[in-house]
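Undergrad: To start, I am sharing the structure in question, which I have written as structure tokens.
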Amino acid sequence: MPSRQPSMTEQKLVILYALDRLGLATADQLLRFMVENELMDYIALHLSLAELDDMGLLRKLPHALGVLYAPSAKGYESLQLFKNRIPHSRATRISETATGWKQRFREEKQVLADWETTPSGEYVARLQLFEGELSLLDVRVSLPTREQANRFCQRWPSTANELYAHLMQMLGED
């Protein structure tokens, strides 16, 4: 027996419901959540996000990770009016898994690391630490090799808070 295909309306409601439970999320984070929970595929997600945006049902907030999505006031109102159209099994799956994902997304938004190659052939690692939307630390380190740049970026998430605290102590002492 073939599985039932959700309507576009249902897909949009699922996105609004997921964002309501997850909090702010990038399109990539939302995609991982949807795919791993077998709620939606890439194309359906991006088509639905574009339509929700066109309808004014989403807020888009700039962030170092890219655009963060959240339901707009109109989106929350629509969700409250029509959330009973989301199948119970899908709503339950979102509600049961959202807490763990929300924490993961929060951590991803707090500590960022990336590197790029300069025209002179050096590698620059950009290491960032946020508290909410406030940037606490934004450091660019010039490094001679790609391996070092990768290593800095890989180690940054586990050391960022400790290094920030050390920096505050060292620079803040009298």
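By order in the structure tokens, chains are A, B, ...; within a chain, residues start at 1; ligands start at 1, following the order shown.
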Could you tell me, as JSON, numbers by chain, which residues of range 34-88 of chain A DSSP assigns to strand (DSSP E) when given the backbone?

TA: {"A": [58, 59, 60, 61, 62, 63, 66, 67, 68, 69, 70, 71]}

Undergrad: I need the residues in range 39-170 of chain A that are helix (DSSP H, G or I) according to DSSP; give them as a ChimeraX atom specification.

TA: /A:42-54,73-85,88-110,146-170

Undergrad: Find the residues near Leu163 in chain A: any atom within 12 Å, counting only C-alpha atoms, skip ones fewer than 5 places away on the same chain, and give them as a PyMOL selection string.

TA: chain A and resi 127-129+136-137+139+155-158+168-171

Undergrad: Write out as a list in words which residues come within 12 Å of Thr118 in chain A when counting only C-alpha atoms, dropping same-chain ones fewer than 5 positions away.

TA: Tyr123, Val124, Ala125, Val141, Ser142, Leu143, Pro144, Thr145 and Arg146 of chain A

Undergrad: Report the closest atom pair, with its distance in Å rounded to one decimal, for each residue of range 94-150 of chain A that has an atom no farther than 9 Å from range 59-75 of chain A; count only C-alpha atoms, sort by chain and then rising residue number, and write it as CSV.

TA:
```
residue,atom,partner,partner_atom,distance
A:Glu108,CA,A:Leu65,CA,8.7
A:Lys109,CA,A:Leu65,CA,7.0
A:Leu112,CA,A:Leu65,CA,7.8
A:Gln128,CA,A:Ala64,CA,8.9
A:Glu133,CA,A:His63,CA,7.7
```

Undergrad: CA of Ala27 in chain A and CA of Leu45 in chain A, how far apart in Å?

TA: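 Spanning CA of Leu45 in chain A to CA of Ala27 in chain A is a straight-line distance of 8.5 Å.
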
Undergrad: Between CA of Glu51 in chain A and CA of Gln110 in chain A, what is the distance, to one decimal in Å?

TA: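 Distance reported for this atom pair: 28.8 Å.
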
Undergrad: Here is a test: counting only C-alpha atoms, which residue of A:Leu134, A:Glu147, A:Thr9, A:Ala91 is nearest to Trp115 in chain A?

TA: A:Glu147

Undergrad: Quick one: everything within 10 Å of Leu49 in chain A, counting only C-alpha atoms, minus sequence neighbours fewer than 4 positions away in the same chain. Send it as a list of chain:residue names.

TA: A:Gln11, A:Lys12, A:Ile15, A:Leu16, A:Ala27, A:Ile43, A:Ala44, A:Leu45, A:Asp53, A:Asp54, A:Met55, A:Leu57, A:Leu58, A:Tyr69

Undergrad: Quick one: pull the distance between CA of Leu24 in chain A and CA of Glu116 in chain A, Å, one decimal.

TA: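 Result for CA of Leu24 in chain A versus CA of Glu116 in chain A: 26.7 Å, one decimal.
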